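Colleague: So here's data-v5.pdb (PDB, C-alpha atoms, pLDDT in the B column).
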MODEL        1
ATOM      1  CA  MET A  17      50.551  72.568  10.207  1.00 51.00           C
ATOM      2  CA  SER A  18      49.695  70.412  13.062  1.00 52.00           C
ATOM      3  CA  GLY A  19      46.620  72.489  13.810  1.00 53.00           C
ATOM      4  CA  SER A  20      45.174  72.266  10.297  1.00 54.00           C
ATOM      5  CA  SER A  21      44.606  68.448  10.337  1.00 55.00           C
ATOM      6  CA  SER A  22      42.404  68.616  13.435  1.00 55.00           C
ATOM      7  CA  HIS A  23      40.392  71.413  11.888  1.00 58.00           C
ATOM      8  CA  VAL A  24      39.374  69.238   8.904  1.00 58.00           C
ATOM      9  CA  ASP A  25      37.998  66.369  11.083  1.00 61.00           C
ATOM     10  CA  ASP A  26      35.746  68.602  13.179  1.00 67.00           C
ATOM     11  CA  GLY A  27      33.061  69.148  10.579  1.00 70.00           C
ATOM     12  CA  LYS A  28      32.550  65.531   9.417  1.00 80.00           C
ATOM     13  CA  LYS A  29      30.935  62.685  11.312  1.00 82.00           C
ATOM     14  CA  LYS A  30      32.546  59.247  11.150  1.00 82.00           C
ATOM     15  CA  ALA A  31      30.362  56.400  10.025  1.00 81.00           C
ATOM     16  CA  ARG A  32      29.922  53.605  12.601  1.00 81.00           C
ATOM     17  CA  ILE A  33      28.885  50.080  11.760  1.00 80.00           C
ATOM     18  CA  GLU A  34      26.859  48.536  14.540  1.00 83.00           C
ATOM     19  CA  ILE A  35      27.779  44.814  14.666  1.00 87.00           C
ATOM     20  CA  ILE A  36      25.402  43.658  17.425  1.00 88.00           C
ATOM     21  CA  PRO A  37      22.172  43.912  15.363  1.00 87.00           C
ATOM     22  CA  LEU A  38      23.975  42.168  12.510  1.00 88.00           C
ATOM     23  CA  ILE A  39      24.913  39.254  14.809  1.00 92.00           C
ATOM     24  CA  ASP A  40      21.305  39.044  16.040  1.00 92.00           C
ATOM     25  CA  VAL A  41      20.000  38.795  12.478  1.00 93.00           C
ATOM     26  CA  ILE A  42      22.584  36.138  11.548  1.00 94.00           C
ATOM     27  CA  PHE A  43      21.700  33.993  14.594  1.00 95.00           C
ATOM     28  CA  PHE A  44      17.990  34.332  13.824  1.00 95.00           C
ATOM     29  CA  LEU A  45      18.571  33.193  10.238  1.00 95.00           C
ATOM     30  CA  LEU A  46      20.748  30.292  11.422  1.00 95.00           C
ATOM     31  CA  ALA A  47      18.167  29.123  13.959  1.00 94.00           C
ATOM     32  CA  THR A  48      15.397  29.364  11.346  1.00 93.00           C
ATOM     33  CA  PHE A  49      17.458  27.363   8.859  1.00 91.00           C
ATOM     34  CA  VAL A  50      18.258  24.635  11.424  1.00 90.00           C
ATOM     35  CA  LEU A  51      14.647  24.286  12.534  1.00 87.00           C
ATOM     36  CA  PHE A  52      13.441  24.202   8.941  1.00 85.00           C
ATOM     37  CA  THR A  53      15.901  21.498   7.900  1.00 84.00           C
ATOM     38  CA  LEU A  54      15.069  19.385  10.952  1.00 80.00           C
ATOM     39  CA  SER A  55      11.380  19.516  10.101  1.00 76.00           C
ATOM     40  CA  LEU A  56      12.103  18.173   6.604  1.00 74.00           C
ATOM     41  CA  ASN A  57      13.404  14.844   7.914  1.00 68.00           C
ATOM     42  CA  LYS A  58      10.231  13.063   8.884  1.00 69.00           C
ATOM     43  CA  ILE A  59      10.838   9.574  10.206  1.00 69.00           C
ATOM     44  CA  ALA A  60       8.722   7.123   8.269  1.00 72.00           C
ATOM     45  CA  SER A  61       7.987   3.837   9.952  1.00 78.00           C
ATOM     46  CA  ILE A  62       5.919   0.806   9.194  1.00 82.00           C
ATOM     47  CA  PRO A  63       3.526  -0.329  11.905  1.00 85.00           C
ATOM     48  CA  VAL A  64       4.423  -3.864  12.973  1.00 84.00           C
ATOM     49  CA  ASP A  65       2.329  -6.110  15.170  1.00 85.00           C
ATOM     50  CA  LEU A  66       4.864  -7.974  17.278  1.00 81.00           C
ATOM     51  CA  PRO A  67       3.895 -11.268  18.861  1.00 80.00           C
ATOM     52  CA  VAL A  68       3.383 -11.307  22.592  1.00 81.00           C
ATOM     53  CA  ALA A  69       4.882 -14.137  24.617  1.00 76.00           C
ATOM     54  CA  ASN A  70       2.545 -16.063  26.846  1.00 76.00           C
ATOM     55  CA  PRO A  71       4.419 -17.311  29.918  1.00 73.00           C
ATOM     56  CA  ASN A  72       1.826 -20.050  30.504  1.00 74.00           C
ATOM     57  CA  SER A  73       2.100 -21.549  27.023  1.00 70.00           C
ATOM     58  CA  GLN A  74       3.624 -24.990  26.543  1.00 70.00           C
ATOM     59  CA  PRO A  75       5.948 -25.809  23.637  1.00 64.00           C
ATOM     60  CA  ASN A  76       4.299 -27.418  20.635  1.00 68.00           C
ATOM     61  CA  PRO A  77       5.137 -31.156  20.711  1.00 66.00           C
ATOM     62  CA  ASN A  78       4.677 -31.360  16.922  1.00 74.00           C
ATOM     63  CA  ASP A  79       7.160 -28.572  16.247  1.00 78.00           C
ATOM     64  CA  PRO A  80       9.578 -29.810  13.548  1.00 83.00           C
ATOM     65  CA  THR A  81      12.151 -27.071  14.180  1.00 87.00           C
ATOM     66  CA  VAL A  82      15.727 -28.283  14.566  1.00 89.00           C
ATOM     67  CA  TYR A  83      17.665 -26.745  17.455  1.00 89.00           C
ATOM     68  CA  LEU A  84      21.385 -26.913  16.737  1.00 89.00           C
ATOM     69  CA  GLN A  85      23.506 -25.906  19.712  1.00 87.00           C
ATOM     70  CA  VAL A  86      27.239 -25.283  19.418  1.00 84.00           C
ATOM     71  CA  SER A  87      29.402 -25.477  22.536  1.00 81.00           C
ATOM     72  CA  ASP A  88      32.795 -23.986  23.327  1.00 77.00           C
ATOM     73  CA  SER A  89      34.533 -27.359  23.027  1.00 77.00           C
ATOM     74  CA  GLY A  90      33.306 -27.829  19.453  1.00 74.00           C
ATOM     75  CA  ASN A  91      30.558 -30.284  20.362  1.00 81.00           C
ATOM     76  CA  CYS A  92      27.168 -29.926  18.731  1.00 87.00           C
ATOM     77  CA  TYR A  93      23.785 -30.853  20.109  1.00 88.00           C
ATOM     78  CA  TRP A  94      20.926 -31.772  17.761  1.00 90.00           C
ATOM     79  CA  LYS A  95      17.364 -31.482  18.988  1.00 88.00           C
ATOM     80  CA  GLN A  96      14.305 -31.767  16.766  1.00 87.00           C
ATOM     81  CA  GLY A  97      11.240 -30.237  18.355  1.00 82.00           C
ATOM     82  CA  ALA A  98      11.119 -28.256  21.569  1.00 77.00           C
ATOM     83  CA  GLY A  99      10.073 -31.210  23.718  1.00 76.00           C
ATOM     84  CA  SER A 100      12.762 -33.691  22.650  1.00 82.00           C
ATOM     85  CA  ALA A 101      16.080 -34.338  24.369  1.00 85.00           C
ATOM     86  CA  PRO A 102      19.279 -32.997  22.767  1.00 86.00           C
ATOM     87  CA  GLU A 103      21.623 -35.502  21.144  1.00 89.00           C
ATOM     88  CA  LEU A 104      25.400 -35.062  21.128  1.00 90.00           C
ATOM     89  CA  ILE A 105      26.763 -35.083  17.551  1.00 89.00           C
ATOM     90  CA  THR A 106      30.032 -34.209  15.846  1.00 85.00           C
ATOM     91  CA  VAL A 107      30.527 -31.389  13.347  1.00 83.00           C
ATOM     92  CA  ALA A 108      30.853 -33.976  10.557  1.00 85.00           C
ATOM     93  CA  GLU A 109      27.343 -35.265  11.298  1.00 88.00           C
ATOM     94  CA  ILE A 110      25.676 -31.886  10.792  1.00 89.00           C
ATOM     95  CA  ALA A 111      25.612 -31.949   6.957  1.00 90.00           C
ATOM     96  CA  PRO A 112      24.022 -35.414   6.509  1.00 91.00           C
ATOM     97  CA  ARG A 113      21.461 -34.753   9.233  1.00 91.00           C
ATOM     98  CA  LEU A 114      20.505 -31.410   7.686  1.00 91.00           C
ATOM     99  CA  ALA A 115      20.138 -33.008   4.244  1.00 91.00           C
ATOM    100  CA  ASP A 116      17.917 -35.749   5.688  1.00 91.00           C
ATOM    101  CA  TYR A 117      15.887 -33.193   7.634  1.00 90.00           C
ATOM    102  CA  LYS A 118      15.362 -31.051   4.529  1.00 90.00           C
ATOM    103  CA  ASN A 119      14.156 -34.103   2.549  1.00 91.00           C
ATOM    104  CA  ARG A 120      11.672 -35.085   5.289  1.00 89.00           C
ATOM    105  CA  GLU A 121      10.202 -31.649   6.055  1.00 87.00           C
ATOM    106  CA  SER A 122       8.313 -29.446   3.616  1.00 85.00           C
ATOM    107  CA  ASN A 123       9.150 -26.289   5.593  1.00 87.00           C
ATOM    108  CA  PRO A 124      12.517 -26.867   7.333  1.00 90.00           C
ATOM    109  CA  ARG A 125      13.523 -24.452  10.081  1.00 90.00           C
ATOM    110  CA  VAL A 126      16.762 -24.362  12.069  1.00 91.00           C
ATOM    111  CA  LEU A 127      17.520 -22.433  15.236  1.00 88.00           C
ATOM    112  CA  VAL A 128      21.250 -22.082  15.966  1.00 88.00           C
ATOM    113  CA  GLN A 129      22.072 -21.746  19.659  1.00 84.00           C
ATOM    114  CA  GLY A 130      25.275 -21.333  21.608  1.00 79.00           C
ATOM    115  CA  ASP A 131      26.143 -22.044  25.193  1.00 76.00           C
ATOM    116  CA  ASN A 132      27.538 -19.383  27.492  1.00 76.00           C
ATOM    117  CA  LYS A 133      31.163 -20.034  26.428  1.00 75.00           C
ATOM    118  CA  ALA A 134      30.717 -20.843  22.717  1.00 73.00           C
ATOM    119  CA  ARG A 135      32.919 -19.096  20.200  1.00 74.00           C
ATOM    120  CA  PHE A 136      31.381 -17.518  17.138  1.00 76.00           C
ATOM    121  CA  GLY A 137      33.601 -19.492  14.749  1.00 78.00           C
ATOM    122  CA  ALA A 138      31.858 -22.760  15.601  1.00 76.00           C
ATOM    123  CA  ALA A 139      28.466 -21.137  15.053  1.00 80.00           C
ATOM    124  CA  VAL A 140      29.630 -19.857  11.655  1.00 83.00           C
ATOM    125  CA  LEU A 141      30.583 -23.413  10.670  1.00 83.00           C
ATOM    126  CA  ALA A 142      27.077 -24.558  11.611  1.00 85.00           C
ATOM    127  CA  LEU A 143      25.538 -21.678   9.648  1.00 87.00           C
ATOM    128  CA  ASP A 144      27.668 -22.592   6.613  1.00 89.00           C
ATOM    129  CA  GLU A 145      26.421 -26.180   6.737  1.00 88.00           C
ATOM    130  CA  ILE A 146      22.825 -24.947   6.975  1.00 89.00           C
ATOM    131  CA  ARG A 147      23.365 -22.702   3.953  1.00 89.00           C
ATOM    132  CA  LYS A 148      24.936 -25.565   1.993  1.00 90.00           C
ATOM    133  CA  ALA A 149      21.924 -27.737   2.812  1.00 89.00           C
ATOM    134  CA  GLY A 150      19.685 -25.086   1.233  1.00 89.00           C
ATOM    135  CA  ILE A 151      17.578 -24.329   4.308  1.00 89.00           C
ATOM    136  CA  ALA A 152      16.272 -20.775   4.097  1.00 87.00           C
ATOM    137  CA  GLN A 153      14.574 -20.354   7.476  1.00 87.00           C
ATOM    138  CA  VAL A 154      17.463 -19.940   9.880  1.00 88.00           C
ATOM    139  CA  SER A 155      17.431 -18.110  13.203  1.00 85.00           C
ATOM    140  CA  VAL A 156      20.151 -17.404  15.723  1.00 85.00           C
ATOM    141  CA  GLN A 157      19.148 -17.467  19.362  1.00 82.00           C
ATOM    142  CA  THR A 158      20.593 -14.573  21.317  1.00 76.00           C
ATOM    143  CA  THR A 159      19.907 -15.801  24.848  1.00 75.00           C
ATOM    144  CA  VAL A 160      22.437 -17.878  26.735  1.00 70.00           C
ATOM    145  CA  GLN A 161      21.700 -21.590  27.084  1.00 71.00           C
ATOM    146  CA  PRO A 162      23.463 -24.106  29.311  1.00 72.00           C
ATOM    147  CA  THR A 163      25.440 -26.716  27.381  1.00 74.00           C
ATOM    148  CA  GLY A 164      23.274 -29.526  26.036  1.00 69.00           C
ATOM    149  CA  LYS A 165      19.899 -27.960  26.831  1.00 67.00           C
TER     150      LYS A 165
ENDMDL
END
Go ahead and render the structure in this file as structure tokens.
Modeller:
Amino acid sequence: MSGSSSHVDDGKKKARIEIIPLIDVIFFLLATFVLFTLSLNKIASIPVDLPVANPNSQPNPNDPTVYLQVSDSGNCYWKQGAGSAPELITVAEIAPRLADYKNRESNPRVLVQGDNKARFGAAVLALDEIRKAGIAQVSVQTTVQPTGK
């Protein structure tokens, strides 16, 4: 009996599945799919003409912008115009000064600055007062300034 089972297998060929060509086809399809999907995401951008700084330019003496600097000790410095000297004020004085400034200027602008040790909480208080005054043009300076400059 043991000899009859080997006799049956001699006449038939076993089917073999070749896996390597199948892997090649799958990788080709995957690479094609990835490249196709990456080409669908086109980055759309809007051309913007950014201003160029002129190092030789002088600040405008008629600039009505208010520079409000907040220091780490909670002091505030009020400066109107780039050429004027900063004035030490308290936090309580910010709201009346902003209201007066908004009534005097047709296009009020405020630049909030911080010294090199200022905490963000004090700047948020200044920004809240500016919002309460109804001034829409507000900027936050991101460069470090010495206190009272």
Colleague: Could you state which residues are captured by the PyMOL selection byres ((chain A and resi 90-100) around 8) in this file, as a JSON list (two decimals) with C-alpha atoms, in the coordinates of the input?
Modeller:
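out-v2.json, written as the output of this step:
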[["chain", "number", "residue", "atom", "x", "y", "z"],
["A", 75, "PRO", "CA", 5.95, -25.81, 23.64],
["A", 76, "ASN", "CA", 4.30, -27.42, 20.64],
["A", 77, "PRO", "CA", 5.14, -31.16, 20.71],
["A", 78, "ASN", "CA", 4.68, -31.36, 16.92],
["A", 79, "ASP", "CA", 7.16, -28.57, 16.25],
["A", 80, "PRO", "CA", 9.58, -29.81, 13.55],
["A", 81, "THR", "CA", 12.15, -27.07, 14.18],
["A", 82, "VAL", "CA", 15.73, -28.28, 14.57],
["A", 83, "TYR", "CA", 17.66, -26.74, 17.45],
["A", 84, "LEU", "CA", 21.38, -26.91, 16.74],
["A", 85, "GLN", "CA", 23.51, -25.91, 19.71],
["A", 86, "VAL", "CA", 27.24, -25.28, 19.42],
["A", 87, "SER", "CA", 29.40, -25.48, 22.54],
["A", 88, "ASP", "CA", 32.80, -23.99, 23.33],
["A", 89, "SER", "CA", 34.53, -27.36, 23.03],
["A", 101, "ALA", "CA", 16.08, -34.34, 24.37],
["A", 102, "PRO", "CA", 19.28, -33.00, 22.77],
["A", 103, "GLU", "CA", 21.62, -35.50, 21.14],
["A", 104, "LEU", "CA", 25.40, -35.06, 21.13],
["A", 105, "ILE", "CA", 26.76, -35.08, 17.55],
["A", 106, "THR", "CA", 30.03, -34.21, 15.85],
["A", 107, "VAL", "CA", 30.53, -31.39, 13.35],
["A", 138, "ALA", "CA", 31.86, -22.76, 15.60],
["A", 164, "GLY", "CA", 23.27, -29.53, 26.04]]
Colleague: List, as a PDB file with C-alpha atoms, keeping the file's coordinate frame, every residue that the PyMOL selection byres ((chain A and resi 117) around 12) selects in the file provided.
Modeller:
ATOM      1  CA  PRO A  80       9.578 -29.810  13.548  1.00 83.00           C
ATOM      2  CA  THR A  81      12.151 -27.071  14.180  1.00 87.00           C
ATOM      3  CA  VAL A  82      15.727 -28.283  14.566  1.00 89.00           C
ATOM      4  CA  TYR A  83      17.665 -26.745  17.455  1.00 89.00           C
ATOM      5  CA  TRP A  94      20.926 -31.772  17.761  1.00 90.00           C
ATOM      6  CA  LYS A  95      17.364 -31.482  18.988  1.00 88.00           C
ATOM      7  CA  GLN A  96      14.305 -31.767  16.766  1.00 87.00           C
ATOM      8  CA  ILE A 110      25.676 -31.886  10.792  1.00 89.00           C
ATOM      9  CA  ALA A 111      25.612 -31.949   6.957  1.00 90.00           C
ATOM     10  CA  PRO A 112      24.022 -35.414   6.509  1.00 91.00           C
ATOM     11  CA  ARG A 113      21.461 -34.753   9.233  1.00 91.00           C
ATOM     12  CA  LEU A 114      20.505 -31.410   7.686  1.00 91.00           C
ATOM     13  CA  ALA A 115      20.138 -33.008   4.244  1.00 91.00           C
ATOM     14  CA  ASP A 116      17.917 -35.749   5.688  1.00 91.00           C
ATOM     15  CA  LYS A 118      15.362 -31.051   4.529  1.00 90.00           C
ATOM     16  CA  ASN A 119      14.156 -34.103   2.549  1.00 91.00           C
ATOM     17  CA  ARG A 120      11.672 -35.085   5.289  1.00 89.00           C
ATOM     18  CA  GLU A 121      10.202 -31.649   6.055  1.00 87.00           C
ATOM     19  CA  SER A 122       8.313 -29.446   3.616  1.00 85.00           C
ATOM     20  CA  ASN A 123       9.150 -26.289   5.593  1.00 87.00           C
ATOM     21  CA  PRO A 124      12.517 -26.867   7.333  1.00 90.00           C
ATOM     22  CA  ARG A 125      13.523 -24.452  10.081  1.00 90.00           C
ATOM     23  CA  VAL A 126      16.762 -24.362  12.069  1.00 91.00           C
ATOM     24  CA  ILE A 146      22.825 -24.947   6.975  1.00 89.00           C
ATOM     25  CA  ALA A 149      21.924 -27.737   2.812  1.00 89.00           C
ATOM     26  CA  GLY A 150      19.685 -25.086   1.233  1.00 89.00           C
ATOM     27  CA  ILE A 151      17.578 -24.329   4.308  1.00 89.00           C
TER      28      ILE A 151
END
Colleague: Hey, could you pull the box centre and edge lengths for range 128-147 of chain A, axis-aligned, 8 Å padding per side, all listed atoms, to one decimal in Å, as lines of an AutoDock Vina configuration file?
Modeller:
center_x = 27.4
center_y = -21.8
center_z = 15.7
size_x = 28.4
size_y = 24.7
size_z = 39.5
Colleague: Between CA of Thr163 in chain A and CA of Asn72 in chain A, what distance in Å does the model show, to one decimal?
Modeller: 24.7 Å
Colleague: Figure out the distance between CA of Leu141 in chain A and CA of Val160 in chain A, please, to one decimal in Å.
Modeller: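 Answer for the CA of Val160 in chain A to CA of Leu141 in chain A separation: 18.8 Å.
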Colleague: Could you tell me how far CA of Leu54 in chain A lies from CA of Leu38 in chain A, in Å and to one decimal?
Modeller: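 Those two atoms sit 24.5 Å apart.
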